$ cat input.cif   # mmCIF, C-alpha atoms
data_entry
#
loop_
_atom_site.label_atom_id
_atom_site.label_comp_id
_atom_site.auth_asym_id
_atom_site.auth_seq_id
_atom_site.Cartn_x
_atom_site.Cartn_y
_atom_site.Cartn_z
CA MET W 1 94.90 -20.33 0.73
CA ARG W 2 92.70 -23.03 -0.82
CA SER W 3 91.11 -20.57 -3.27
CA SER W 4 94.50 -19.27 -4.42
CA SER W 5 95.67 -22.85 -4.97
CA ARG W 6 92.52 -23.56 -7.02
CA LEU W 7 93.14 -20.37 -9.02
CA TRP W 8 96.70 -21.46 -9.76
CA THR W 9 95.52 -24.93 -10.81
CA SER W 10 92.93 -23.48 -13.19
CA ARG W 11 95.52 -21.08 -14.64
CA ARG W 12 97.98 -23.93 -15.12
CA ASN W 13 95.24 -25.98 -16.80
CA PHE W 14 94.48 -23.05 -19.11
CA TYR W 15 98.13 -22.72 -20.18
CA LEU W 16 98.51 -26.47 -20.63
CA SER W 17 95.30 -26.66 -22.68
CA ALA W 18 96.42 -23.72 -24.83
CA LEU W 19 99.80 -25.39 -25.35
CA THR W 20 98.16 -28.70 -26.29
CA ILE W 21 95.85 -26.97 -28.80
CA ALA W 22 98.80 -25.00 -30.29
CA ALA W 23 100.77 -28.27 -30.61
CA ALA W 24 97.79 -30.02 -32.25
CA VAL W 25 97.38 -27.12 -34.73
CA ALA W 26 101.17 -27.19 -35.41
CA ILE W 27 101.07 -30.92 -36.20
CA PHE W 28 97.96 -30.50 -38.38
CA GLN W 29 99.50 -27.55 -40.26
CA PHE W 30 102.85 -29.35 -40.71
CA CYS W 31 101.15 -32.48 -42.12
CA MET W 32 98.90 -30.47 -44.47
CA GLU W 33 101.77 -28.33 -45.79
CA ARG W 34 103.93 -31.40 -46.28
CA ALA W 35 101.12 -33.02 -48.26
CA SER W 36 100.43 -29.80 -50.21
CA TYR W 37 103.86 -28.64 -51.23
CA HIS W 38 106.19 -31.22 -52.75
CA GLY W 39 107.71 -31.21 -56.22
CA ILE W 40 105.99 -28.97 -58.75
CA VAL W 41 103.12 -27.06 -57.16
CA SER W 42 101.97 -25.25 -60.28
CA SER W 43 103.26 -24.16 -63.68
CA ILE W 44 102.55 -21.54 -66.31
CA SER W 45 103.57 -21.14 -69.93
CA LEU W 46 105.34 -17.86 -70.58
CA ASN W 47 104.80 -18.01 -74.33
CA GLN W 48 101.40 -16.30 -74.30
CA SER W 49 102.63 -13.33 -72.27
CA GLU W 50 105.18 -12.40 -74.93
CA GLY W 51 105.05 -8.77 -76.00
CA ASN W 52 104.55 -7.21 -72.56
CA SER W 53 108.09 -6.09 -71.87
CA ASN W 54 107.23 -4.53 -68.49
CA ASN W 55 105.92 -7.73 -66.95
CA PRO W 56 106.60 -10.90 -68.95
CA TYR W 57 105.02 -13.10 -66.24
CA GLN W 58 101.65 -11.38 -66.02
CA PHE W 59 99.02 -12.91 -63.78
CA PRO W 60 96.25 -14.55 -65.89
CA LYS W 61 92.90 -12.73 -65.47
CA THR W 62 90.92 -15.85 -64.42
CA GLU W 63 93.47 -16.72 -61.72
CA GLU W 64 93.49 -13.12 -60.52
CA LYS W 65 89.71 -13.26 -60.14
CA ALA W 66 89.89 -16.61 -58.30
CA LEU W 67 92.50 -15.19 -55.91
CA ASP W 68 90.32 -12.12 -55.34
CA THR W 69 87.29 -14.30 -54.51
CA TYR W 70 89.42 -16.46 -52.19
CA SER W 71 90.74 -13.40 -50.30
CA THR W 72 87.25 -11.84 -50.05
CA MET W 73 85.72 -15.03 -48.62
CA SER W 74 88.59 -15.38 -46.13
CA GLY W 75 88.03 -11.77 -44.99
CA LEU W 76 84.28 -12.33 -44.65
CA LEU W 77 84.74 -15.47 -42.53
CA THR W 78 87.25 -13.63 -40.31
CA THR W 79 84.69 -10.83 -39.80
CA LEU W 80 82.00 -13.37 -38.88
CA ALA W 81 84.31 -15.13 -36.39
CA THR W 82 85.19 -11.77 -34.80
CA ALA W 83 81.49 -10.87 -34.59
CA LEU W 84 80.80 -14.23 -32.91
CA LEU W 85 83.49 -13.53 -30.31
CA GLY W 86 81.98 -10.10 -29.70
CA ALA W 87 78.48 -11.55 -29.29
CA LEU W 88 79.80 -14.18 -26.87
CA GLY W 89 81.55 -11.49 -24.84
CA TYR W 90 78.35 -9.42 -24.75
CA LEU W 91 76.27 -12.35 -23.49
CA LEU W 92 78.86 -13.29 -20.87
CA ILE W 93 79.10 -9.74 -19.53
CA ASN W 94 75.32 -9.35 -19.38
CA GLN W 95 74.68 -12.65 -17.60
CA ARG W 96 72.15 -12.08 -14.82
CA ASN W 97 72.54 -15.34 -12.98
CA GLY W 98 76.17 -15.18 -11.83
CA SER W 99 78.50 -17.92 -13.00
CA PRO W 100 77.29 -20.33 -15.70
CA ASP W 101 76.80 -24.07 -15.08
CA GLN W 102 79.40 -26.52 -16.41
CA HIS W 103 77.65 -27.35 -19.69
CA HIS W 104 76.96 -23.69 -20.32
CA GLY W 105 80.60 -22.82 -19.65
CA LEU W 106 81.81 -25.53 -22.04
CA SER W 107 79.65 -24.07 -24.83
CA ALA W 108 81.23 -20.64 -24.23
CA VAL W 109 84.74 -22.15 -24.24
CA GLY W 110 83.92 -24.10 -27.44
CA THR W 111 82.66 -20.93 -29.15
CA ALA W 112 85.73 -18.91 -28.17
CA LEU W 113 88.17 -21.71 -29.08
CA PHE W 114 86.75 -22.42 -32.54
CA ALA W 115 86.25 -18.72 -33.35
CA VAL W 116 89.92 -18.06 -32.50
CA LEU W 117 90.99 -21.08 -34.58
CA SER W 118 88.86 -19.77 -37.47
CA ILE W 119 90.59 -16.38 -37.26
CA TYR W 120 93.97 -18.14 -37.16
CA PHE W 121 93.19 -20.20 -40.28
CA GLY W 122 91.98 -16.97 -41.90
CA TYR W 123 95.45 -15.58 -41.32
CA VAL W 124 97.01 -18.74 -42.82
CA SER W 125 94.69 -18.28 -45.86
CA HIS W 126 95.90 -14.69 -46.17
CA LEU W 127 99.57 -15.83 -46.10
CA THR W 128 98.80 -18.51 -48.71
CA ALA W 129 97.08 -15.96 -50.98
CA LEU W 130 100.03 -13.61 -50.52
CA SER W 131 102.53 -16.32 -51.42
CA PHE W 132 100.61 -17.41 -54.53
CA SER W 133 100.07 -13.79 -55.59
CA TYR W 134 103.84 -13.21 -55.30
CA ASN W 135 104.48 -16.30 -57.44
CA ASN W 136 101.99 -15.10 -60.09
CA LEU W 137 100.05 -18.34 -59.84
CA PHE W 138 96.79 -19.34 -58.24
CA ASN W 139 94.97 -22.64 -58.56
CA PRO W 140 91.95 -23.11 -56.24
CA ASP W 141 92.14 -26.90 -56.71
CA LEU W 142 95.52 -27.14 -55.00
CA LEU W 143 95.47 -28.74 -51.55
CA GLY W 144 97.69 -25.93 -50.23
CA VAL W 145 94.99 -23.44 -51.18
CA LYS W 146 92.03 -25.54 -50.10
CA TRP W 147 93.01 -26.68 -46.61
CA PRO W 148 93.38 -23.28 -44.83
CA SER W 149 90.12 -22.07 -46.39
CA ARG W 150 88.18 -25.22 -45.48
CA SER W 151 89.65 -25.26 -41.96
CA GLN W 152 88.59 -21.63 -41.51
CA PHE W 153 85.04 -22.37 -42.64
CA TYR W 154 84.51 -25.56 -40.62
CA THR W 155 85.98 -24.11 -37.41
CA LEU W 156 83.63 -21.14 -37.82
CA LEU W 157 80.73 -23.57 -38.32
CA LEU W 158 81.68 -25.34 -35.06
CA ALA W 159 81.96 -21.98 -33.28
CA ALA W 160 78.47 -21.04 -34.56
CA PHE W 161 77.13 -24.40 -33.32
CA PHE W 162 78.56 -23.91 -29.82
CA PHE W 163 77.35 -20.31 -29.80
CA ALA W 164 73.82 -21.42 -30.74
CA ASP W 165 73.94 -23.94 -27.87
CA PHE W 166 75.22 -21.26 -25.46
CA SER W 167 72.68 -18.60 -26.47
CA PHE W 168 69.79 -21.12 -26.46
CA HIS W 169 70.60 -22.05 -22.83
CA GLU W 170 71.11 -18.40 -21.95
CA PHE W 171 67.74 -17.26 -23.32
CA SER W 172 65.78 -20.30 -22.06
CA ARG W 173 67.25 -19.68 -18.57
CA GLU W 174 66.23 -16.03 -18.75
CA SER W 175 62.67 -16.87 -19.83
CA SER W 176 62.26 -19.45 -17.04
CA GLU W 177 63.11 -16.84 -14.35
CA MET H 1 102.16 -11.39 -3.23
CA SER H 2 105.61 -12.96 -2.76
CA ARG H 3 103.98 -16.42 -2.50
CA HIS H 4 102.43 -16.00 -5.95
CA ALA H 5 105.59 -14.64 -7.63
CA PRO H 6 107.31 -18.03 -8.25
CA ARG H 7 104.09 -19.40 -9.72
CA ALA H 8 103.75 -16.40 -12.04
CA ARG H 9 107.38 -16.86 -13.06
CA ALA H 10 106.69 -20.55 -13.73
CA SER H 11 103.89 -19.68 -16.15
CA LEU H 12 106.19 -17.36 -18.13
CA PRO H 13 108.14 -20.12 -19.99
CA ILE H 14 104.82 -21.75 -20.95
CA LEU H 15 103.63 -18.43 -22.35
CA VAL H 16 106.90 -17.96 -24.28
CA ILE H 17 106.64 -21.51 -25.73
CA LEU H 18 103.02 -20.84 -26.69
CA LEU H 19 103.81 -17.54 -28.43
CA SER H 20 106.85 -18.96 -30.25
CA THR H 21 104.73 -21.93 -31.43
CA VAL H 22 102.14 -19.53 -32.86
CA ALA H 23 104.90 -17.39 -34.46
CA THR H 24 106.48 -20.48 -36.05
CA LEU H 25 103.11 -21.69 -37.31
CA SER H 26 102.08 -18.48 -38.99
CA GLN H 27 104.62 -18.44 -41.81
CA MET H 28 104.08 -18.21 -45.53
CA PRO H 29 104.19 -21.50 -47.41
CA SER H 30 107.79 -22.05 -48.52
CA LEU H 31 107.89 -22.02 -52.32
CA ALA H 32 110.47 -21.28 -55.01
CA ARG H 33 110.33 -20.37 -58.71
CA LEU H 34 112.03 -22.16 -61.57
CA ILE H 35 111.98 -20.49 -65.01
CA VAL H 36 113.04 -22.68 -67.94
CA GLN H 37 113.78 -21.01 -71.28
CA SER H 38 115.33 -22.23 -74.52
CA ASN H 39 116.42 -20.93 -77.88
CA PRO H 40 114.57 -21.99 -79.99
CA ARG H 41 111.39 -22.23 -77.90
CA GLY H 42 108.94 -25.12 -77.77
CA ALA H 43 111.14 -27.82 -76.16
CA GLN H 44 109.30 -30.23 -73.85
CA ILE H 45 110.32 -29.85 -70.21
CA SER H 46 110.85 -32.82 -67.88
CA VAL H 47 111.52 -32.38 -64.17
CA ASN H 48 113.00 -35.27 -62.19
CA GLY H 49 112.43 -37.55 -65.18
CA LYS H 50 108.72 -36.76 -65.51
CA GLN H 51 107.10 -34.86 -68.37
CA THR H 52 105.56 -31.65 -67.06
CA GLY H 53 103.29 -31.01 -70.05
CA GLN H 54 104.90 -27.59 -70.46
CA THR H 55 107.13 -26.39 -73.25
CA THR H 56 109.74 -23.65 -73.08
CA ASN H 57 109.42 -20.93 -71.98
CA ALA H 58 107.66 -21.82 -68.73
CA MET H 59 107.69 -21.00 -65.06
CA PHE H 60 107.25 -23.57 -62.27
CA VAL H 61 106.35 -22.88 -58.68
CA VAL H 62 108.01 -25.67 -56.70
CA ALA H 63 108.67 -26.77 -53.16
CA PRO H 64 112.29 -26.08 -52.11
CA GLY H 65 114.62 -28.97 -52.94
CA ASP H 66 116.83 -30.53 -55.61
CA TYR H 67 115.53 -30.94 -59.16
CA THR H 68 116.86 -32.36 -62.43
CA VAL H 69 115.64 -30.50 -65.52
CA SER H 70 115.84 -32.00 -69.00
CA LEU H 71 114.64 -30.86 -72.40
CA SER H 72 113.59 -32.78 -75.48
CA GLY H 73 112.30 -31.78 -78.88
CA ALA H 74 112.95 -28.32 -80.27
CA ALA H 75 116.04 -27.67 -78.13
CA LYS H 76 118.52 -30.09 -76.60
CA CYS H 77 120.66 -29.65 -73.51
CA PRO H 78 122.22 -32.14 -71.06
CA ASP H 79 120.28 -32.85 -67.85
CA GLN H 80 120.85 -30.07 -65.34
CA ASN H 81 120.62 -30.30 -61.56
CA VAL H 82 119.39 -27.28 -59.63
CA SER H 83 118.90 -26.72 -55.93
CA LEU H 84 116.16 -24.30 -54.90
CA HIS H 85 115.70 -22.65 -51.52
CA SER H 86 112.55 -21.06 -50.14
CA GLY H 87 111.76 -17.77 -51.94
CA GLN H 88 114.50 -18.27 -54.52
CA THR H 89 114.01 -17.77 -58.29
CA ILE H 90 116.31 -19.61 -60.70
CA THR H 91 116.26 -18.97 -64.45
CA MET H 92 117.70 -21.67 -66.75
CA ILE H 93 118.34 -20.83 -70.40
CA CYS H 94 119.27 -23.54 -72.89
CA THR H 95 121.20 -22.18 -75.89
CA ASN H 96 123.44 -24.15 -78.27
CA GLU H 97 123.19 -27.30 -76.09
CA ASN H 98 124.47 -25.43 -73.04
CA TRP H 99 122.67 -24.23 -69.95
CA THR H 100 123.02 -20.79 -68.47
CA VAL H 101 121.75 -20.79 -64.90
CA HIS H 102 121.25 -17.66 -62.84
#
$ encode --input "input.cif" --output "structure tokens"
Amino acid sequence: MRSSSRLWTSRRNFYLSALTIAAAVAIFQFCMERASYHGIVSSISLNQSEGNSNNPYQFPKTEEKALDTYSTMSGLLTTLATALLGALGYLLINQRNGSPDQHHGLSAVGTALFAVLSIYFGYVSHLTALSFSYNNLFNPDLLGVKWPSRSQFYTLLLAAFFFADFSFHEFSRESSE
Amino acid sequence: MSRHAPRARASLPILVILLSTVATLSQMPSLARLIVQSNPRGAQISVNGKQTGQTTNAMFVVAPGDYTVSLSGAAKCPDQNVSLHSGQTITMICTNENWTVH
């Protein structure tokens, strides 16, 4: 009876924490998009593209290359975050010493949380790249382009930090046995 | 089993709120396109009273909202108000001091 009540409390805490994090991300994203997109976001002269009757608004080559680099980096960071989640799962499954201590558990939660956030911001980067590609414009200096990419990188960095902490404790515990 | 059912049901709305929050979050940035053309070309374009640094013909990617477009120089047309929604493309052509908007 007591254990089922404790299980329910921990589940409720999980949902409430997830809801709080989703709300915090929503507020962050809303503020950043409001700051990024107001008035004219970008402009292009159509005078140079004259003569190409099939596509008068052709994407400039330099911007196309910048967009390509942006998408490639976003994909790479997403792959790294996924690999980090996989490595965390592997270490958790292969734990010899039963349940982890509180500090150890917090490192695992931190790794999983920031890796998931990194993947989420990777998806936001993808949507941003898609939107700019559709509008035939891409400027890497725009805040709307920078913030999802930076958020993805820094959340991955935090995930890597927590993972290093987790794996260091894991291996030092194993070697002390 | 039956004792846990109300609790499981209670967690369902939280899960729905969580998923709908994530679904709302993951949307493309809302942008619209404004194409300004003139005959003859080369007129300076101002949007909401500010010089854009572009001359006709030019395309602007803008946040949805109301804009006032004016031209000066090579072609002249009265100030024109346009309202842009997310994903919309509006083309404005200034010919013989009159705007054609579509």
$ atom_distance --input "input.cif" --atom1 "atom CA of Val124 of chain W" --atom2 "atom CA of Phe166 of chain W"
28.0 Å
$ resolve_selection --input "input.cif" --expression "the PyMOL selection byres ((chain H) within 9 of (chain W))" --output "compact mmCIF listing (two decimals) with C-alpha atoms, in the frame of the given file"
# COMPACT_ATOMS: atom_id res chain seq x y z
CA HIS H 4 102.43 -16.00 -5.95
CA ARG H 7 104.09 -19.40 -9.72
CA ALA H 8 103.75 -16.40 -12.04
CA SER H 11 103.89 -19.68 -16.15
CA ILE H 14 104.82 -21.75 -20.95
CA LEU H 15 103.63 -18.43 -22.35
CA ILE H 17 106.64 -21.51 -25.73
CA LEU H 18 103.02 -20.84 -26.69
CA THR H 21 104.73 -21.93 -31.43
CA VAL H 22 102.14 -19.53 -32.86
CA THR H 24 106.48 -20.48 -36.05
CA LEU H 25 103.11 -21.69 -37.31
CA SER H 26 102.08 -18.48 -38.99
CA GLN H 27 104.62 -18.44 -41.81
CA MET H 28 104.08 -18.21 -45.53
CA PRO H 29 104.19 -21.50 -47.41
CA SER H 30 107.79 -22.05 -48.52
CA LEU H 31 107.89 -22.02 -52.32
CA ALA H 32 110.47 -21.28 -55.01
CA ARG H 33 110.33 -20.37 -58.71
CA ARG H 41 111.39 -22.23 -77.90
CA GLY H 42 108.94 -25.12 -77.77
CA VAL H 47 111.52 -32.38 -64.17
CA ASN H 48 113.00 -35.27 -62.19
CA THR H 52 105.56 -31.65 -67.06
CA GLN H 54 104.90 -27.59 -70.46
CA THR H 55 107.13 -26.39 -73.25
CA THR H 56 109.74 -23.65 -73.08
CA ASN H 57 109.42 -20.93 -71.98
CA ALA H 58 107.66 -21.82 -68.73
CA MET H 59 107.69 -21.00 -65.06
CA PHE H 60 107.25 -23.57 -62.27
CA VAL H 61 106.35 -22.88 -58.68
CA VAL H 62 108.01 -25.67 -56.70
CA ALA H 63 108.67 -26.77 -53.16
CA PRO H 64 112.29 -26.08 -52.11
CA GLY H 65 114.62 -28.97 -52.94
CA TYR H 67 115.53 -30.94 -59.16
$ residues_around --input "input.cif" --residues "Ser46 of chain H" --least-positions-apart "4" --cutoff "6 Å" --atoms "all atoms listed in the file" --output "list in words"
Lys50, Gln51, Thr52, Val69 and Ser70 of chain H
$ write_last_selection --input "input.cif" --atoms "C-alpha atoms" --output "PDB file, keeping the file's coordinate frame"
ATOM      1  CA  LYS H  50     108.720 -36.760 -65.510  1.00  0.00           C
ATOM      2  CA  GLN H  51     107.100 -34.860 -68.370  1.00  0.00           C
ATOM      3  CA  THR H  52     105.560 -31.650 -67.060  1.00  0.00           C
ATOM      4  CA  VAL H  69     115.640 -30.500 -65.520  1.00  0.00           C
ATOM      5  CA  SER H  70     115.840 -32.000 -69.000  1.00  0.00           C
TER       6      SER H  70
END
$ closest_residue --input "input.cif" --among "W:Ala164, W:Leu156, W:Leu76, W:Ala83" --to "His104 of chain W" --atoms "only C-alpha atoms"
W:Ala164
$ closest_residue --input "input.cif" --among "H:Ala43, H:Ser38, H:Asp66, H:Gly49" --to "Asn98 of chain H" --atoms "only C-alpha atoms"
H:Ser38
$ residues_around --input "input.cif" --residues "Ala160 of chain W" --least-positions-apart "2" --cutoff "9 Å" --atoms "all atoms listed in the file" --output "list in words"
Ala81, Leu84, Thr111, Phe114, Ala115, Thr155, Leu156, Leu157, Leu158, Phe162, Phe163, Ala164 and Asp165 of chain W
$ atom_distance --input "input.cif" --atom1 "atom CA of Thr82 of chain W" --atom2 "atom CA of Tyr154 of chain W"
15.0 Å
$ atom_distance --input "input.cif" --atom1 "atom CA of Thr68 of chain H" --atom2 "atom CA of Val145 of chain W"
26.2 Å
$ closest_residue --input "input.cif" --among "H:Ser72, H:Ser83, H:Asn39, H:Gln44" --to "Thr95 of chain H" --atoms "all atoms listed in the file"
H:Asn39
$ closest_residue --input "input.cif" --among "W:Gln95, W:Thr78, W:Asn13, W:Thr72" --to "Arg173 of chain W" --atoms "only C-alpha atoms"
W:Gln95
$ axis_aligned_box --input "input.cif" --around "segment 59-62 of chain H" --padding-each-side "4 Å" --output "AutoDock Vina command-line options"
--center_x 107.2 --center_y -23.3 --center_z -60.9 --size_x 9.7 --size_y 12.7 --size_z 16.4
$ decode --input "input.cif" --residues "segment 98-132 of chain W" --atoms "C-alpha atoms" --output "PDB file, in the first residue's frame"
ATOM      1  CA  GLY W  98      21.531  -2.122  -8.178  1.00  0.00           C
ATOM      2  CA  SER W  99      19.965   1.318  -7.936  1.00  0.00           C
ATOM      3  CA  PRO W 100      22.214   4.385  -8.207  1.00  0.00           C
ATOM      4  CA  ASP W 101      22.718   6.847  -5.333  1.00  0.00           C
ATOM      5  CA  GLN W 102      20.938  10.213  -5.444  1.00  0.00           C
ATOM      6  CA  HIS W 103      23.780  12.220  -6.995  1.00  0.00           C
ATOM      7  CA  HIS W 104      24.388   9.503  -9.546  1.00  0.00           C
ATOM      8  CA  GLY W 105      20.693   9.427 -10.437  1.00  0.00           C
ATOM      9  CA  LEU W 106      20.589  13.213 -10.864  1.00  0.00           C
ATOM     10  CA  SER W 107      23.482  13.031 -13.357  1.00  0.00           C
ATOM     11  CA  ALA W 108      21.554  10.423 -15.375  1.00  0.00           C
ATOM     12  CA  VAL W 109      18.386  12.565 -15.289  1.00  0.00           C
ATOM     13  CA  GLY W 110      20.416  15.654 -16.313  1.00  0.00           C
ATOM     14  CA  THR W 111      21.971  13.775 -19.241  1.00  0.00           C
ATOM     15  CA  ALA W 112      18.616  12.469 -20.474  1.00  0.00           C
ATOM     16  CA  LEU W 113      16.860  15.833 -20.019  1.00  0.00           C
ATOM     17  CA  PHE W 114      19.450  17.930 -21.855  1.00  0.00           C
ATOM     18  CA  ALA W 115      19.944  15.333 -24.620  1.00  0.00           C
ATOM     19  CA  VAL W 116      16.171  15.325 -25.251  1.00  0.00           C
ATOM     20  CA  LEU W 117      16.115  19.152 -25.223  1.00  0.00           C
ATOM     21  CA  SER W 118      19.026  19.152 -27.700  1.00  0.00           C
ATOM     22  CA  ILE W 119      17.093  16.830 -30.025  1.00  0.00           C
ATOM     23  CA  TYR W 120      14.028  19.074 -29.671  1.00  0.00           C
ATOM     24  CA  PHE W 121      16.005  22.216 -30.568  1.00  0.00           C
ATOM     25  CA  GLY W 122      17.474  20.254 -33.490  1.00  0.00           C
ATOM     26  CA  TYR W 123      13.926  19.770 -34.731  1.00  0.00           C
ATOM     27  CA  VAL W 124      13.224  23.515 -34.290  1.00  0.00           C
ATOM     28  CA  SER W 125      16.426  24.213 -36.312  1.00  0.00           C
ATOM     29  CA  HIS W 126      15.147  21.887 -39.035  1.00  0.00           C
ATOM     30  CA  LEU W 127      11.784  23.731 -39.151  1.00  0.00           C
ATOM     31  CA  THR W 128      13.605  27.079 -39.298  1.00  0.00           C
ATOM     32  CA  ALA W 129      15.829  25.875 -42.157  1.00  0.00           C
ATOM     33  CA  LEU W 130      12.744  24.560 -43.955  1.00  0.00           C
ATOM     34  CA  SER W 131      10.923  27.869 -43.565  1.00  0.00           C
ATOM     35  CA  PHE W 132      13.891  29.931 -44.783  1.00  0.00           C
TER      36      PHE W 132
END
